[in-house]
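As provided, structure.txt (compact mmCIF, C-alpha atoms) reads as follows.
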```
# COMPACT_ATOMS: atom_id res chain seq x y z
CA MET A 1 32.08 60.20 -86.75
CA TYR A 2 34.95 61.47 -84.64
CA PRO A 3 38.38 62.72 -85.79
CA LEU A 4 41.60 60.93 -84.84
CA GLU A 5 42.24 63.32 -81.94
CA HIS A 6 39.18 61.89 -80.20
CA TYR A 7 40.77 58.41 -80.06
CA ARG A 8 44.37 59.29 -79.16
CA ASN A 9 44.11 58.05 -75.56
CA ARG A 10 42.32 54.87 -76.57
CA ASN A 11 44.80 54.14 -79.36
CA THR A 12 47.77 54.91 -77.13
CA PHE A 13 46.39 52.50 -74.52
CA SER A 14 45.87 49.81 -77.19
CA ILE A 15 49.35 49.88 -78.72
CA SER A 16 50.95 50.20 -75.27
CA LEU A 17 49.07 47.14 -74.02
CA VAL A 18 50.31 45.16 -77.03
CA GLU A 19 53.87 46.24 -76.29
CA PHE A 20 53.43 45.35 -72.61
CA PHE A 21 53.16 41.70 -73.64
CA TRP A 22 55.59 41.84 -76.55
CA GLY A 23 58.08 43.59 -74.29
CA LEU A 24 58.07 40.51 -72.07
CA GLY A 25 59.23 38.41 -75.01
CA MET A 26 61.68 40.66 -76.85
CA PRO A 27 64.68 40.26 -74.47
CA VAL A 28 64.57 36.54 -75.21
CA LEU A 29 64.46 36.86 -79.00
CA ILE A 30 65.85 40.07 -80.46
CA GLU A 31 69.37 41.42 -79.85
CA SER A 32 69.36 39.07 -76.91
CA THR A 33 72.19 38.23 -74.53
CA PHE A 34 70.10 35.21 -73.44
CA LEU A 35 70.21 33.70 -76.94
CA GLN A 36 73.98 34.14 -77.10
CA LEU A 37 74.41 32.22 -73.84
CA PHE A 38 71.82 29.62 -74.86
CA LEU A 39 73.60 28.89 -78.14
CA ARG A 40 77.07 28.84 -76.58
CA HIS A 41 75.73 26.38 -73.98
CA TYR A 42 75.01 24.02 -76.89
CA GLN A 43 78.50 24.62 -78.34
CA ALA A 44 77.35 26.87 -81.17
CA SER A 45 80.14 28.78 -82.95
CA PHE A 46 80.26 32.55 -83.28
CA PHE A 47 79.33 32.05 -86.93
CA ILE A 48 76.10 30.36 -85.80
CA ILE A 49 75.39 33.27 -83.43
CA GLY A 50 75.94 35.62 -86.36
CA LEU A 51 73.29 33.76 -88.34
CA LEU A 52 70.52 35.00 -86.03
CA PRO A 53 70.71 38.66 -87.05
CA LEU A 54 71.43 37.44 -90.58
CA PHE A 55 68.12 35.52 -90.66
CA PHE A 56 66.40 38.51 -89.13
CA ASN A 57 67.85 41.03 -91.56
CA ILE A 58 67.16 38.87 -94.62
CA GLY A 59 63.70 37.72 -93.57
CA ILE A 60 62.49 41.23 -92.81
CA PRO A 61 63.20 42.92 -96.19
CA ILE A 62 62.10 39.98 -98.32
CA MET A 63 58.86 39.32 -96.48
CA SER A 64 58.21 43.04 -95.93
CA LEU A 65 58.20 43.63 -99.66
CA GLY A 66 55.49 41.01 -100.23
CA SER A 67 53.57 42.20 -97.20
CA ALA A 68 53.60 45.80 -98.42
CA TYR A 69 52.48 44.86 -101.92
CA LEU A 70 49.58 42.74 -100.69
CA THR A 71 48.35 45.17 -98.04
CA SER A 72 49.06 48.68 -99.36
CA THR A 73 45.67 48.85 -101.10
CA ILE A 74 43.79 47.91 -97.91
CA GLU A 75 42.65 51.05 -96.10
CA ARG A 76 41.61 49.34 -92.84
CA LYS A 77 44.52 47.42 -91.34
CA ARG A 78 43.53 46.63 -87.76
CA GLY A 79 42.62 43.02 -88.48
CA LEU A 80 45.78 42.54 -90.53
CA VAL A 81 47.95 43.86 -87.72
CA ILE A 82 46.50 41.28 -85.33
CA ILE A 83 46.90 38.40 -87.80
CA VAL A 84 50.53 39.10 -88.71
CA HIS A 85 51.52 39.49 -85.06
CA VAL A 86 49.99 36.13 -84.17
CA LEU A 87 51.68 34.46 -87.16
CA ALA A 88 55.04 35.81 -86.03
CA ALA A 89 54.56 34.47 -82.48
CA ILE A 90 53.49 30.92 -83.37
CA PRO A 91 57.00 29.62 -84.30
CA ILE A 92 58.43 30.59 -80.90
CA PHE A 93 55.53 28.94 -79.09
CA THR A 94 56.06 25.81 -81.21
CA PHE A 95 59.79 25.65 -80.45
CA GLY A 96 59.17 26.07 -76.72
CA LEU A 97 56.58 23.29 -76.82
CA ILE A 98 58.91 20.89 -78.63
CA PHE A 99 62.03 21.81 -76.68
CA TYR A 100 60.39 21.56 -73.26
CA PHE A 101 58.37 18.37 -73.72
CA PHE A 102 60.34 16.27 -76.21
CA PRO A 103 63.93 14.93 -76.29
CA ILE A 104 65.65 16.43 -79.33
CA GLY A 105 69.28 15.68 -78.52
CA ASN A 106 71.74 16.98 -81.12
CA TYR A 107 68.96 18.59 -83.15
CA ALA A 108 68.57 21.49 -80.70
CA ILE A 109 70.66 23.99 -82.68
CA PRO A 110 69.40 23.07 -86.20
CA LEU A 111 65.78 23.13 -84.98
CA PHE A 112 66.25 26.48 -83.28
CA LEU A 113 67.88 28.00 -86.36
CA PHE A 114 64.97 26.83 -88.52
CA ILE A 115 62.39 28.18 -86.07
CA TYR A 116 64.24 31.48 -85.76
CA ALA A 117 64.35 31.83 -89.56
CA VAL A 118 60.56 31.30 -89.70
CA PHE A 119 60.10 33.78 -86.85
CA SER A 120 62.22 36.32 -88.75
CA CYS A 121 59.99 35.94 -91.79
CA GLY A 122 56.96 36.47 -89.57
CA ILE A 123 58.44 39.72 -88.27
CA GLY A 124 59.06 40.72 -91.88
CA LEU A 125 55.36 40.28 -92.62
CA THR A 126 54.49 42.27 -89.54
CA LEU A 127 56.76 45.32 -89.62
CA PRO A 128 55.52 47.39 -92.60
CA VAL A 129 51.86 46.87 -91.68
CA TRP A 130 52.50 47.65 -88.01
CA GLN A 131 54.75 50.67 -88.61
CA ASN A 132 52.30 52.24 -91.03
CA TYR A 133 49.42 51.51 -88.64
CA LEU A 134 51.21 53.32 -85.81
CA VAL A 135 51.60 56.57 -87.73
CA LYS A 136 48.15 56.26 -89.29
CA ILE A 137 46.03 56.06 -86.13
CA PHE A 138 47.45 59.30 -84.71
CA THR A 139 47.72 62.84 -85.96
CA GLU A 140 51.26 64.03 -86.65
CA ARG A 141 51.08 66.14 -83.50
CA ASP A 142 50.23 63.12 -81.34
CA THR A 143 52.52 60.54 -82.97
CA LEU A 144 55.77 61.04 -81.05
CA ARG A 145 54.11 61.26 -77.65
CA ALA A 146 52.01 58.14 -78.31
CA LEU A 147 55.02 56.18 -79.60
CA SER A 148 57.11 57.26 -76.62
CA ILE A 149 54.44 55.98 -74.20
CA MET A 150 54.27 52.73 -76.18
CA ASN A 151 58.05 52.31 -76.19
CA ILE A 152 58.41 53.21 -72.52
CA THR A 153 55.79 50.59 -71.69
CA GLN A 154 57.67 48.05 -73.79
CA SER A 155 60.97 48.98 -72.15
CA LEU A 156 59.53 48.63 -68.65
CA THR A 157 58.28 45.13 -69.41
CA LYS A 158 61.61 44.32 -71.04
CA LEU A 159 63.18 45.46 -67.81
CA ALA A 160 60.92 43.13 -65.86
CA CYS A 161 61.77 40.28 -68.22
CA SER A 162 65.50 40.93 -67.79
CA PHE A 163 65.13 40.49 -64.02
CA ILE A 164 63.23 37.25 -64.62
CA LEU A 165 65.98 35.99 -66.94
CA PHE A 166 68.60 36.99 -64.40
CA LYS A 167 66.81 35.00 -61.71
CA ILE A 168 66.34 31.95 -63.96
CA ILE A 169 69.99 31.84 -65.05
CA ASP A 170 71.27 32.60 -61.56
CA THR A 171 69.07 29.91 -59.95
CA LEU A 172 68.73 27.20 -62.59
CA SER A 173 71.52 28.06 -65.06
CA ILE A 174 70.79 27.29 -68.72
CA THR A 175 69.27 23.81 -68.92
CA LYS A 176 66.89 22.13 -71.31
CA GLY A 177 64.03 22.63 -68.88
CA SER A 178 64.73 26.28 -68.05
CA ALA A 179 65.36 27.26 -71.68
CA GLY A 180 62.27 25.39 -72.87
CA LEU A 181 60.13 27.13 -70.27
CA VAL A 182 61.50 30.53 -71.33
CA PHE A 183 60.69 29.95 -75.02
CA LEU A 184 57.25 28.47 -74.30
CA SER A 185 56.28 31.36 -72.03
CA THR A 186 57.58 33.84 -74.59
CA GLY A 187 55.39 32.41 -77.34
CA ILE A 188 52.31 32.53 -75.11
CA VAL A 189 52.70 36.17 -74.08
CA LEU A 190 53.36 37.26 -77.68
CA ILE A 191 50.17 35.60 -78.90
CA ILE A 192 48.08 37.06 -76.06
CA GLY A 193 49.45 40.55 -76.59
CA SER A 194 48.66 40.58 -80.31
CA PHE A 195 44.91 40.67 -79.74
CA PHE A 196 44.94 43.99 -77.88
CA PHE A 197 45.16 45.84 -81.19
CA ALA A 198 41.42 45.19 -81.30
CA ILE A 199 40.93 48.03 -78.82
CA SER A 200 42.33 50.62 -81.23
CA VAL A 201 40.29 52.68 -83.68
CA GLU A 202 41.41 53.55 -87.19
CA SER A 203 40.85 56.89 -88.87
CA THR A 204 37.22 57.88 -89.30
CA ASP A 205 38.16 60.84 -91.49
CA SER A 206 36.65 61.15 -94.93
CA VAL A 207 38.15 59.13 -97.74
CA LYS A 208 41.66 60.33 -98.47
CA GLN A 209 41.95 61.77 -101.95
CA ASN A 210 45.70 61.25 -102.05
CA LYS A 211 45.66 57.57 -101.23
CA THR A 212 48.01 55.67 -103.53
CA LYS A 213 46.78 52.35 -104.91
CA PHE A 214 49.13 49.78 -106.34
CA LEU A 215 47.22 47.97 -109.01
CA SER A 216 50.10 46.08 -110.60
CA PHE A 217 53.65 44.89 -110.04
CA ASN A 218 54.87 47.48 -112.52
CA GLN A 219 53.36 50.34 -110.55
CA PHE A 220 54.64 48.96 -107.27
CA PHE A 221 58.20 48.50 -108.49
CA LYS A 222 58.18 51.82 -110.30
CA LEU A 223 57.60 53.39 -106.90
CA PHE A 224 60.39 51.14 -105.59
CA GLY A 225 62.80 52.65 -108.12
CA GLN A 226 61.59 56.20 -107.61
CA SER A 227 62.31 56.02 -103.89
CA LEU A 228 66.04 55.87 -104.68
CA GLY A 229 65.65 59.18 -106.50
CA ASN A 230 64.75 60.80 -103.18
CA HIS A 231 68.00 62.42 -101.98
CA ASN A 232 66.90 62.50 -98.34
CA PHE A 233 65.97 58.82 -98.46
CA VAL A 234 69.42 57.87 -99.79
CA LEU A 235 71.08 59.80 -96.97
CA PHE A 236 68.69 58.14 -94.53
CA LEU A 237 69.81 54.69 -95.74
CA PHE A 238 73.43 55.58 -94.92
CA ASN A 239 72.21 56.81 -91.55
CA GLU A 240 70.55 53.44 -90.94
CA ALA A 241 73.92 51.67 -91.38
CA GLY A 242 74.97 53.16 -88.04
CA TYR A 243 71.98 51.58 -86.32
CA PHE A 244 72.84 48.14 -87.66
CA ALA A 245 76.43 48.59 -86.54
CA ILE A 246 75.09 49.00 -82.99
CA VAL A 247 72.82 45.98 -83.41
CA ASN A 248 75.90 44.03 -84.51
CA ILE A 249 77.78 45.02 -81.35
CA ILE A 250 74.83 44.03 -79.16
CA SER A 251 74.75 40.65 -80.93
CA PHE A 252 78.29 39.79 -79.81
CA TYR A 253 79.31 41.80 -76.77
CA ALA A 254 77.66 39.41 -74.29
CA ALA A 255 79.99 36.59 -75.37
CA TYR A 256 82.92 39.03 -75.09
CA ALA A 257 81.90 39.99 -71.55
CA GLU A 258 81.51 36.39 -70.36
CA GLU A 259 84.35 34.60 -72.17
CA ILE A 260 87.04 37.29 -72.38
CA CYS A 261 86.29 39.62 -69.47
CA ARG A 262 84.93 36.89 -67.15
CA ILE A 263 81.69 38.66 -66.24
CA ASP A 264 79.18 36.40 -64.47
CA PRO A 265 76.68 34.84 -66.96
CA ALA A 266 73.71 35.85 -64.81
CA VAL A 267 74.86 39.47 -64.92
CA VAL A 268 75.36 39.28 -68.69
CA SER A 269 71.97 37.74 -69.46
CA GLY A 270 70.05 39.85 -66.96
CA LEU A 271 71.68 43.09 -65.81
CA PHE A 272 73.11 44.05 -69.21
CA ILE A 273 69.58 44.02 -70.58
CA THR A 274 68.37 45.92 -67.51
CA ALA A 275 70.92 48.67 -68.10
CA GLY A 276 70.08 48.86 -71.80
CA PHE A 277 66.35 49.18 -71.27
CA SER A 278 66.85 51.67 -68.43
CA GLY A 279 68.72 53.90 -70.87
CA GLY A 280 65.91 53.47 -73.36
CA ILE A 281 63.20 54.40 -70.85
CA ILE A 282 64.92 57.58 -69.73
CA ILE A 283 65.81 58.83 -73.20
CA GLN A 284 62.38 58.08 -74.64
CA PHE A 285 60.72 60.08 -71.90
CA VAL A 286 63.03 63.05 -72.51
CA ILE A 287 63.01 63.20 -76.30
CA GLY A 288 59.71 61.40 -76.93
CA TYR A 289 57.13 62.22 -74.32
CA LEU A 290 58.55 65.69 -73.59
CA ASN A 291 59.37 66.00 -77.31
CA LEU A 292 62.62 67.87 -76.83
CA PHE A 293 64.81 68.59 -79.87
CA SER A 294 63.99 68.39 -83.56
CA LEU A 295 63.84 65.05 -85.34
CA LYS A 296 67.30 65.57 -86.87
CA ASN A 297 68.82 66.47 -83.49
CA LYS A 298 67.24 63.39 -81.98
CA TYR A 299 69.13 61.29 -84.52
CA ILE A 300 72.37 63.16 -83.80
CA ILE A 301 72.00 62.45 -80.09
CA GLU A 302 71.43 58.77 -80.95
CA LYS A 303 74.81 58.62 -82.74
CA LEU A 304 76.70 60.44 -79.99
CA LEU A 305 75.34 58.17 -77.24
CA SER A 306 76.21 55.09 -79.30
CA LEU A 307 79.76 56.32 -79.88
CA LEU A 308 80.25 56.85 -76.14
CA GLY A 309 79.05 53.30 -75.51
CA ILE A 310 81.50 51.92 -78.07
CA ILE A 311 84.37 53.82 -76.44
CA CYS A 312 83.49 52.16 -73.11
CA LEU A 313 83.64 48.71 -74.71
CA ILE A 314 86.98 49.37 -76.40
CA CYS A 315 88.79 50.91 -73.44
CA LEU A 316 87.33 49.24 -70.33
CA THR A 317 86.57 45.72 -69.11
CA ALA A 318 84.99 46.16 -65.65
CA THR A 319 81.41 45.13 -64.94
CA TRP A 320 80.37 48.75 -64.37
CA SER A 321 81.79 49.77 -67.76
CA PHE A 322 79.75 47.09 -69.52
CA LEU A 323 76.64 48.27 -67.69
CA LEU A 324 77.38 51.86 -68.73
CA ALA A 325 77.95 50.78 -72.34
CA SER A 326 74.68 48.84 -72.25
CA PHE A 327 72.90 51.93 -70.91
CA LEU A 328 74.33 54.19 -73.65
CA LEU A 329 73.76 51.73 -76.49
CA GLY A 330 70.24 51.05 -75.23
CA ALA A 331 69.49 54.77 -75.12
CA GLY A 332 70.79 55.29 -78.66
CA ARG A 333 68.86 52.31 -79.99
CA ALA A 334 65.67 53.55 -78.30
CA ILE A 335 65.92 56.91 -80.07
CA ARG A 336 66.12 55.24 -83.45
CA LEU A 337 63.16 52.93 -82.73
CA LEU A 338 61.11 55.94 -81.60
CA CYS A 339 61.97 58.21 -84.53
CA TYR A 340 62.10 55.73 -87.42
CA PRO A 341 58.34 55.57 -88.26
CA LEU A 342 57.95 59.34 -88.21
CA ALA A 343 61.16 59.82 -90.22
CA ILE A 344 59.88 57.61 -93.06
CA LYS A 345 56.53 59.38 -92.97
CA LYS A 346 58.19 62.81 -93.16
CA ILE A 347 60.64 61.89 -95.93
CA PHE A 348 57.97 60.52 -98.27
CA LYS A 349 54.95 62.55 -97.09
CA ALA A 350 52.61 59.66 -97.99
CA HIS A 351 49.18 58.95 -96.49
CA ASP A 352 49.91 55.20 -96.61
CA ALA A 353 53.66 54.67 -96.16
CA THR A 354 53.51 50.85 -95.99
CA PRO A 355 55.62 50.34 -99.17
CA TYR A 356 58.36 52.66 -97.95
CA PHE A 357 58.60 50.79 -94.66
CA ALA A 358 59.25 47.68 -96.79
CA PHE A 359 61.73 49.31 -99.17
CA THR A 360 64.04 50.60 -96.43
CA PRO A 361 65.17 47.24 -94.95
CA LEU A 362 65.59 45.82 -98.46
CA PHE A 363 67.94 48.60 -99.53
CA ILE A 364 69.98 48.31 -96.33
CA LEU A 365 70.14 44.50 -96.58
CA PRO A 366 73.85 44.26 -97.55
CA VAL A 367 74.78 46.02 -94.31
CA SER A 368 72.15 44.54 -91.99
CA ALA A 369 72.78 40.96 -93.14
CA GLY A 370 76.44 41.18 -94.08
CA LEU A 371 77.79 42.70 -90.87
CA PRO A 372 76.75 39.94 -88.41
CA MET A 373 77.73 37.11 -90.75
CA LEU A 374 81.15 38.62 -91.47
CA THR A 375 81.70 39.47 -87.82
CA GLY A 376 80.87 35.96 -86.63
CA LYS A 377 83.22 34.38 -89.16
CA LEU A 378 86.10 36.73 -88.32
CA LEU A 379 85.69 36.18 -84.58
CA ASP A 380 85.87 32.41 -85.17
CA LEU A 381 89.04 32.83 -87.25
CA PHE A 382 90.79 35.25 -84.90
CA THR A 383 89.51 34.02 -81.55
CA HIS A 384 93.13 33.31 -80.48
CA TYR A 385 93.73 37.09 -80.37
CA GLY A 386 91.31 37.31 -77.47
CA ARG A 387 90.33 40.81 -76.43
CA MET A 388 92.02 42.46 -79.41
CA SER A 389 89.71 40.77 -81.91
CA TYR A 390 86.69 42.33 -80.18
CA GLN A 391 88.36 45.72 -79.86
CA ILE A 392 88.93 45.80 -83.61
CA LEU A 393 85.28 44.83 -84.16
CA PHE A 394 84.03 47.63 -81.90
CA LEU A 395 86.38 50.14 -83.56
CA VAL A 396 85.13 49.29 -87.06
CA MET A 397 81.51 49.55 -85.92
CA GLY A 398 82.32 52.91 -84.33
CA ILE A 399 83.66 54.20 -87.64
CA ILE A 400 80.41 53.17 -89.35
CA VAL A 401 78.41 55.04 -86.68
CA LEU A 402 80.61 58.10 -87.17
CA ILE A 403 79.99 58.04 -90.94
CA SER A 404 76.26 57.69 -90.35
CA LEU A 405 76.43 60.76 -88.08
CA THR A 406 77.74 62.88 -90.95
CA MET A 407 74.94 61.59 -93.18
CA VAL A 408 72.07 62.38 -90.82
CA THR A 409 73.22 65.98 -90.43
CA ASN A 410 72.47 66.50 -94.15
CA ILE A 411 68.96 65.02 -94.17
CA ASN A 412 66.06 67.42 -94.65
CA PHE A 413 63.06 66.17 -92.67
CA GLY A 414 61.02 69.20 -93.70
CA GLU A 415 61.54 70.79 -90.31
CA PRO A 416 61.65 74.53 -89.58
CA ASN A 417 64.94 75.88 -88.27
CA ASN A 418 63.30 77.06 -85.08
CA ILE A 419 63.11 74.11 -82.73
CA ASN A 420 60.31 75.64 -80.67
CA LYS A 421 58.14 75.88 -83.78
CA GLU A 422 58.87 72.23 -84.51
CA ASN A 423 57.82 71.19 -81.03
CA GLU A 424 54.60 73.18 -81.35
CA ARG A 425 53.82 71.63 -84.72
CA LEU A 426 54.33 68.07 -83.39
```
This entry written out as C-alpha cells:
Amino acid sequence: MYPLEHYRNRNTFSISLVEFFWGLGMPVLIESTFLQLFLRHYQASFFIIGLLPLFFNIGIPIMSLGSAYLTSTIERKRGLVIIVHVLAAIPIFTFGLIFYFFPIGNYAIPLFLFIYAVFSCGIGLTLPVWQNYLVKIFTERDTLRALSIMNITQSLTKLACSFILFKIIDTLSITKGSAGLVFLSTGIVLIIGSFFFAISVESTDSVKQNKTKFLSFNQFFKLFGQSLGNHNFVLFLFNEAGYFAIVNIISFYAAYAEEICRIDPAVVSGLFITAGFSGGIIIQFVIGYLNLFSLKNKYIIEKLLSLLGIICLICLTATWSFLLASFLLGAGRAIRLLCYPLAIKKIFKAHDATPYFAFTPLFILPVSAGLPMLTGKLLDLFTHYGRMSYQILFLVMGIIVLISLTMVTNINFGEPNNINKENERL
C-alpha cells in the first residue's frame, strides 16, 4: 500500500481532467454574462436575473447540509463524487434537449428558472463531497499546488469557452437554436467530465483514529452549533460576505455594460469572461503553483484586487476599463476559490471536513441569497436613474468587501509568522 504522496501526480491529473470538461460549461452557467444576455433577450426583468444567484445560494446550503449528513460517515467517496457530479449535470442537458428540439414559446423563462433551481440543488449535493475529497486525496503540502493546477486547467478551458461564446453571439446572435445548442453541449461535457474522477486514488493510509462519525441528527447538529463557537470560523463567515459581494457585481455588470455603457453584446458575453479567466490563471499560478504568500495574505490580496476592480466600474465606462475590472475581479475570485478548501480544513483541523463545507454556505445564506434578490429589485425600481443606480450598487458592494478585508486580517489559520516557514510546510 502506498502513501498519498505516491499518487499526487495521478490525482492531480484526475481532478484537472474533470475541471477541463467542467470548465467548458461553467461560463454558460455560473456568474455568467451569457445567461444575463440570454434572459434579457427573452425580456426577463433584473429581478428575474437576480433569482439565478438566489437559487444557487439557497440550493447550495440546504442540499449541502443533507449531503454532508448522509456522506460524512462514508470513508471512501470517489464513487459518490462521480454520482453527484452527474446528477448536477443532467438538468442542464435536459433543458438543452427540450429548448433545442421542441417549441416552448412563452414557457422559456419559467422552464429555465425551474431547471436552474434543480441544477443549483445538484451543485449543493456536490460541493461538500467534492471539496472534502479534494483536500483528502492530497497531503497538506501538496494541496495548494494540486488545486492551483486544477483551477488553472479549469480557467484555460473557461477561456476557450468564452471565445466560443463570443463567436456564437457575434455570428448567430442569441437565438433559440444557438442558445439551445449552447445548453445541450454544456450538459454533455459536464456529464463526460464527471467520470474522470475514476482515475483518482483515495488515501491508502491506515484507518484514521480521529475520524468523526455522525450517528444521529443530535450529534450532527451539535457539531453544527459548536462550529459557531469557533472564533476564527465566525470571522471567516464575515470574510465570505466580501466574496458574495463580488459575485453579486459579476451577476449584474454585464447588463450595465451593454444597456448603459453601450458595449457590444459579443464583447460582453465573450471578452469580459476572457479577461476574468485570464486574471484567474495568472494569479493562481503566482499564489497557488508557486505558493507565494501565507494563506491570510492570499486572502488580503484577493480583497485588494477586488476593490481595484470595483473602483474601475464606478469611475470608468470605456471597454478597456470593463476588461480591466473583469481581470481584477476574476483574479480576486480565483484566489478565494483556490484557498477556500484549505482554509476550512485549517480552521477546523478535521480529517473529514465534509460537514463544515456544508455549514459555511448555510450560515452565509442571508448574504449570498439576499444580496442578488435585493439588488435585482432595486435596479428594477431605480432603472430610470441609469448609470447612477449601478454606481451606488458597486459602491455598497465595495464597502462590504472593505469590511471583509478587516475581518480576514484577524483570522488565525494556524500559520507561523515566518512566511518562508509556511511555504516550506505547505
Given only C-alpha atoms as the basis, pick out the residue of A:Phe101, A:Tyr107, A:Tyr133, A:Phe46 nearest to A:Ile74. A:Tyr133
Counting all atoms listed in the file, the option among A:Leu338, A:Ala254, A:Ile347, A:Ile311 closest to A:Phe38: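 Residue with the minimum atom-to-atom distance to A:Phe38: A:Ala254.
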What is the distance, in Å and to one decimal place, between atom CA of A:Leu134 and atom CA of A:Phe363?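 Result for atom CA of A:Leu134 versus atom CA of A:Phe363: 22.1 Å, one decimal.
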One decimal, Å: what's the distance from atom CA of A:Phe20 over to atom CA of A:Gln154, could you say? 5.2 Å
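Between A:Tyr42 and the candidates A:Ala179, A:Val268, A:Leu159, A:Leu24, the tightest atom-to-atom separation, counting all atoms listed in the file, involves A:Ala179.
Rounded to one decimal, atom CA of A:Ser389 and atom CA of A:Leu371 lie 15.0 Å from each other.
Each of A:Leu378, A:Ala358, A:Leu29, A:Leu97 was compared to A:Phe224 using only C-alpha atoms, and A:Ala358 turns out to be the nearest.
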Would you mind listing what lies within 12 Å of A:Gly414 as a PyMOL selection string, with only C-alpha atoms counted and same-chain residues fewer than 5 positions away left out? chain A and resi 232+294-296+342-349+422+425
Give me the residues within 7 Å of A:Gly25 as a ChimeraX atom specification, counting all atoms listed in the file and dropping any in the same chain fewer than 3 places off. /A:22,28-29,186,189-190
Keeping only C-alpha atoms, write those residues as a PDB file, keeping the file's coordinate frame.
```
ATOM      1  CA  TRP A  22      55.590  41.840 -76.550  1.00  0.00           C
ATOM      2  CA  VAL A  28      64.570  36.540 -75.210  1.00  0.00           C
ATOM      3  CA  LEU A  29      64.460  36.860 -79.000  1.00  0.00           C
ATOM      4  CA  THR A 186      57.580  33.840 -74.590  1.00  0.00           C
ATOM      5  CA  VAL A 189      52.700  36.170 -74.080  1.00  0.00           C
ATOM      6  CA  LEU A 190      53.360  37.260 -77.680  1.00  0.00           C
TER       7      LEU A 190
END
```
Which residue is closest to A:Gly276? Choose from A:Leu324, A:Leu308, A:Ala255, A:Ala369 and count all atoms listed in the file.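 Closest candidate: A:Leu324.
In terms of minimum interatomic distance to A:Leu337, A:Leu144 ranks closest within A:Leu144, A:Ala325, A:Ile15, A:Leu292, counting only C-alpha atoms.
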For A:Leu365, please output as a list in words all residues within 12 Å (counting only C-alpha atoms; exclusion window: fewer than 2 positions along the same chain). Pro53, Leu54, Phe55, Phe56, Asn57, Ile58, Gly59, Ile60, Pro61, Ile62, Leu237, Phe238, Glu240, Ala241, Phe244, Ala358, Phe359, Thr360, Pro361, Leu362, Phe363, Val367, Ser368, Ala369, Gly370, Leu371 and Pro372 of chain A
What's the 7 Å shell around A:Ile115, counting all atoms listed in the file, without same-chain residues fewer than 5 positions away, as a list in words?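 Neighbouring residues, sequence-local ones excluded: Pro91, Ile92 and Phe95 of chain A.
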